[in-house]
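Asks: Okay, handing you the structure first.
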Amino acid sequence: MKRDQMAKTNNPFDPLEAAFAQARAAGARGEVPVGAVIVCEGAIVAGAGNRTLQDRDPTAHAEMLAIRAAAQVLGSERLIGCDLYVTLEPCAMCAGAISFARLRRVYYAAPDPKGGAVDHGPRFFAQPTCHHGPEVYGGLRESEAGEMLRAFFAARR
């Protein structure tokens, strides 16, 4: 779907709820339950849950997969004007991809004091070497996302 077609698409889904659905599906597959969706012009154009185990790929984080899919759908490596909704604060790898993709905004649910790189750790977008920093809004449905992650890891201990 190209950008001009997206404006005609009426997407009834809440983007953060769609990201949570992706996270729940990832958890059901035995993956760490993190989900992400990309929204452009009011339509969800791509979404994914973690697939590092399934793909045997350490870069198969939800954000990376959603960015790759959105770039294919939109026919551009630049996702200018698009927003990312994700259930966990992005790590440094994902923050780098977000910057290179030129995403406009990042909305995330749970903060990640250990592995996050947006509001924790290296604070990637605040670094002088960062080429593009999106607007960031964190803590949306934080307790729900945190509980999903805690339950997932508790079941594996």
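Note on naming: chains are A, B, ... as they come in the structure tokens, residues start from 1 per chain, ligands start from 1 in the order shown.
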Using only C-alpha atoms, what table do you get, as JSON lines, when you list each residue of stretch 19-82 of chain A with an atom no more than 7 Å from stretch 98-102 of chain A, its nearest pair of atoms, and their distance in Å rounded to one decimal, rows by chain then rising number?
Replies:
```
{"residue": "A:Glu77", "atom": "CA", "partner": "A:Ala101", "partner_atom": "CA", "distance": 6.1}
{"residue": "A:Arg78", "atom": "CA", "partner": "A:Ala101", "partner_atom": "CA", "distance": 4.8}
{"residue": "A:Leu79", "atom": "CA", "partner": "A:Ala101", "partner_atom": "CA", "distance": 5.4}
{"residue": "A:Ile80", "atom": "CA", "partner": "A:Arg102", "partner_atom": "CA", "distance": 5.4}
```
Asks: From the DSSP assignment of the backbone, select every residue of stretch 39-112 of chain A that is strand (DSSP E), and format the answer as an NGL selection string.
Replies: :A and (39-40 or 43-49 or 82-88 or 105-110)
Asks: Go ahead and write the residues just picked, C-alpha atoms, as a CSV table (one decimal), in the first residue's frame.
Replies:
```csv
chain,number,residue,atom,x,y,z
A,39,VAL,CA,1.4,4.0,11.7
A,40,CYS,CA,1.5,6.3,8.8
A,43,ALA,CA,-3.2,3.6,9.2
A,44,ILE,CA,-1.2,0.7,10.6
A,45,VAL,CA,1.1,-0.2,7.7
A,46,ALA,CA,3.2,-2.9,9.5
A,47,GLY,CA,3.4,-4.8,12.7
A,48,ALA,CA,5.5,-7.5,14.3
A,49,GLY,CA,6.3,-9.3,17.5
A,82,CYS,CA,5.4,7.6,10.4
A,83,ASP,CA,5.1,6.7,14.1
A,84,LEU,CA,6.2,3.6,16.0
A,85,TYR,CA,4.1,2.1,18.8
A,86,VAL,CA,6.0,-0.5,20.9
A,87,THR,CA,5.3,-2.3,24.2
A,88,LEU,CA,8.9,-1.9,25.6
A,105,ARG,CA,7.4,9.7,16.9
A,106,VAL,CA,8.0,6.7,19.2
A,107,TYR,CA,5.3,5.7,21.7
A,108,TYR,CA,6.3,3.0,24.2
A,109,ALA,CA,4.6,1.3,27.1
A,110,ALA,CA,7.1,-0.1,29.6
```
Asks: From the DSSP assignment of the backbone, select every residue of chain A that is alpha helix (DSSP H), and format the answer as number ranges by chain.
Replies: A: 3-6, 15-28, 52-55, 62-74, 92-101, 142-156
Asks: Got a sec: who's within 9 Å of stretch 143-154 of chain A, counting only C-alpha atoms, leaving out chain neighbours fewer than 3 positions off, as a list in words?
Replies: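 What passes the distance filter is Phe20, Ala23, Arg24, Gly27, Gly30, Val32, Pro33, Val34, Thr87, Leu88, Ala109, Ala110, Pro111, Gly139, Leu140 and Arg157 of chain A.
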Asks: Please provide the set of residues having any atom within 7 Å of A:Ala70, restricted to only C-alpha atoms, with same-chain residues fewer than 3 positions apart removed, written as a PDB file with N, CA, C and O atoms, in the first residue's frame.
Replies:
```pdb
ATOM      1  N   ILE A  38       3.837   0.154  13.075  1.00  0.00           N
ATOM      2  CA  ILE A  38       4.162   1.429  12.436  1.00  0.00           C
ATOM      3  C   ILE A  38       2.872   2.000  11.871  1.00  0.00           C
ATOM      4  O   ILE A  38       2.128   1.301  11.179  1.00  0.00           O
ATOM      5  N   VAL A  45       0.554   0.303   8.993  1.00  0.00           N
ATOM      6  CA  VAL A  45       1.114  -0.230   7.749  1.00  0.00           C
ATOM      7  C   VAL A  45       1.965  -1.472   7.973  1.00  0.00           C
ATOM      8  O   VAL A  45       2.241  -2.207   7.020  1.00  0.00           O
ATOM      9  N   ALA A  46       2.392  -1.699   9.217  1.00  0.00           N
ATOM     10  CA  ALA A  46       3.209  -2.879   9.509  1.00  0.00           C
ATOM     11  C   ALA A  46       3.179  -3.146  11.000  1.00  0.00           C
ATOM     12  O   ALA A  46       3.001  -2.233  11.801  1.00  0.00           O
ATOM     13  N   ALA A  66       9.140  -4.558  12.261  1.00  0.00           N
ATOM     14  CA  ALA A  66       8.088  -3.627  11.840  1.00  0.00           C
ATOM     15  C   ALA A  66       8.659  -2.553  10.911  1.00  0.00           C
ATOM     16  O   ALA A  66       8.036  -2.190   9.906  1.00  0.00           O
ATOM     17  N   ILE A  67       9.847  -2.055  11.217  1.00  0.00           N
ATOM     18  CA  ILE A  67      10.485  -1.043  10.361  1.00  0.00           C
ATOM     19  C   ILE A  67      10.763  -1.638   8.985  1.00  0.00           C
ATOM     20  O   ILE A  67      10.477  -1.005   7.954  1.00  0.00           O
ATOM     21  N   VAL A  73       6.396  -1.946   2.482  1.00  0.00           N
ATOM     22  CA  VAL A  73       5.031  -1.524   2.138  1.00  0.00           C
ATOM     23  C   VAL A  73       5.029  -0.134   1.515  1.00  0.00           C
ATOM     24  O   VAL A  73       4.349   0.112   0.513  1.00  0.00           O
ATOM     25  N   LEU A  74       5.809   0.775   2.091  1.00  0.00           N
ATOM     26  CA  LEU A  74       5.817   2.161   1.619  1.00  0.00           C
ATOM     27  C   LEU A  74       6.786   2.397   0.466  1.00  0.00           C
ATOM     28  O   LEU A  74       6.773   3.456  -0.146  1.00  0.00           O
TER      29      LEU A  74
END
```
Asks: In Å, how far is it from atom CA of A:Pro122 to atom CA of A:Pro90?
Replies: 11.3 Å
Asks: Using only C-alpha atoms, pick whichever of A:Lys114, A:Asp119, A:Ala97, A:Ala126 has the shortest atom-to-atom distance to A:Thr59.
Replies: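 Under the stated criterion, the closest residue is A:Ala97.
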Asks: Would you kindly return, as a short mmCIF file (atom, residue, chain, number, x, y, z; two decimals) with all heavy atoms, in the first residue's frame, each protein, DNA or RNA residue with an atom no farther than 8 Å from any atom of A:Ala117, considering only C-alpha atoms and excluding same-chain residues fewer than 3 positions away?
Replies:
```cif
data_model
loop_
_atom_site.label_atom_id
_atom_site.label_comp_id
_atom_site.auth_asym_id
_atom_site.auth_seq_id
_atom_site.Cartn_x
_atom_site.Cartn_y
_atom_site.Cartn_z
N GLU A 89 10.42 -0.08 25.88
CA GLU A 89 11.40 0.93 25.47
C GLU A 89 12.44 0.30 24.54
O GLU A 89 13.03 -0.73 24.88
CB GLU A 89 12.08 1.51 26.70
CG GLU A 89 13.15 2.53 26.40
CD GLU A 89 13.87 3.03 27.64
OE1 GLU A 89 13.44 2.69 28.78
OE2 GLU A 89 14.86 3.75 27.49
N PRO A 90 12.68 0.89 23.38
CA PRO A 90 13.64 0.31 22.44
C PRO A 90 15.07 0.25 22.98
O PRO A 90 15.51 1.12 23.72
CB PRO A 90 13.56 1.25 21.23
CG PRO A 90 12.17 1.82 21.31
CD PRO A 90 11.93 2.00 22.78
N CYS A 91 15.78 -0.79 22.54
CA CYS A 91 17.20 -0.96 22.88
C CYS A 91 18.03 -0.08 21.95
O CYS A 91 17.51 0.58 21.05
CB CYS A 91 17.60 -2.42 22.72
SG CYS A 91 17.62 -3.00 21.01
N ALA A 92 19.35 -0.10 22.13
CA ALA A 92 20.24 0.73 21.31
C ALA A 92 20.17 0.36 19.82
O ALA A 92 20.16 1.24 18.96
CB ALA A 92 21.68 0.61 21.82
N ALA A 95 16.92 1.69 18.52
CA ALA A 95 16.97 3.16 18.49
C ALA A 95 17.75 3.63 17.27
O ALA A 95 17.36 4.60 16.61
CB ALA A 95 17.57 3.70 19.78
N HIS A 120 16.68 5.52 29.06
CA HIS A 120 17.61 4.88 29.98
C HIS A 120 18.91 4.61 29.22
O HIS A 120 19.00 4.83 28.01
CB HIS A 120 17.03 3.57 30.53
CG HIS A 120 15.83 3.79 31.38
ND1 HIS A 120 14.56 3.87 30.86
CD2 HIS A 120 15.71 4.01 32.71
CE1 HIS A 120 13.71 4.11 31.85
NE2 HIS A 120 14.38 4.19 32.98
N GLY A 121 19.91 4.11 29.94
CA GLY A 121 21.16 3.73 29.30
C GLY A 121 21.77 4.86 28.49
O GLY A 121 21.90 5.98 29.00
N PRO A 122 22.10 4.61 27.24
CA PRO A 122 22.80 5.62 26.45
C PRO A 122 21.96 6.81 25.99
O PRO A 122 22.51 7.78 25.49
CB PRO A 122 23.30 4.83 25.23
CG PRO A 122 22.37 3.69 25.12
CD PRO A 122 21.97 3.34 26.53
N ARG A 123 20.65 6.74 26.18
CA ARG A 123 19.77 7.84 25.73
C ARG A 123 20.15 8.24 24.29
O ARG A 123 20.52 9.37 24.01
CB ARG A 123 19.81 9.01 26.69
CG ARG A 123 19.36 8.62 28.08
CD ARG A 123 19.47 9.77 29.05
NE ARG A 123 19.44 9.28 30.41
CZ ARG A 123 18.38 9.24 31.18
NH1 ARG A 123 17.23 9.65 30.74
NH2 ARG A 123 18.46 8.78 32.40
N PHE A 124 20.01 7.28 23.43
CA PHE A 124 20.50 7.34 22.05
C PHE A 124 20.14 8.64 21.32
O PHE A 124 21.00 9.25 20.67
CB PHE A 124 19.95 6.13 21.28
CG PHE A 124 20.56 5.94 19.93
CD1 PHE A 124 21.67 5.16 19.75
CD2 PHE A 124 20.00 6.56 18.81
CE1 PHE A 124 22.23 4.99 18.51
CE2 PHE A 124 20.56 6.40 17.55
CZ PHE A 124 21.69 5.62 17.40
#
```
Asks: As an exercise, work out the distance from atom CA of A:Cys94 to atom CA of A:Gln22 in Å and give it to one decimal place.
Replies: 16.8 Å
Asks: Report as an MDAnalysis selection string all protein, DNA and RNA residues lying within 6 Å of A:Asn50, evaluated on only C-alpha atoms, omitting residues in the same chain fewer than 6 positions from it.
Replies: chainID A and resid 26 34 61:62
Asks: Print the selection's residues with N, CA, C and O atoms to a file, as a tab-separated table (two decimals), in the first residue's frame.
Replies:
```tsv
chain	number	residue	atom	x	y	z
A	26	ALA	N	3.69	-13.01	20.24
A	26	ALA	CA	5.09	-13.38	20.40
A	26	ALA	C	5.27	-14.23	21.65
A	26	ALA	O	5.95	-15.26	21.62
A	34	VAL	N	7.20	-8.78	23.15
A	34	VAL	CA	7.32	-7.38	22.75
A	34	VAL	C	6.70	-7.28	21.36
A	34	VAL	O	6.96	-8.12	20.49
A	61	HIS	N	14.12	-8.16	16.54
A	61	HIS	CA	13.29	-7.49	17.54
A	61	HIS	C	12.03	-6.96	16.84
A	61	HIS	O	12.06	-6.67	15.63
A	62	ALA	N	10.96	-6.80	17.59
A	62	ALA	CA	9.69	-6.34	17.03
A	62	ALA	C	9.85	-5.04	16.25
A	62	ALA	O	9.31	-4.90	15.15
```
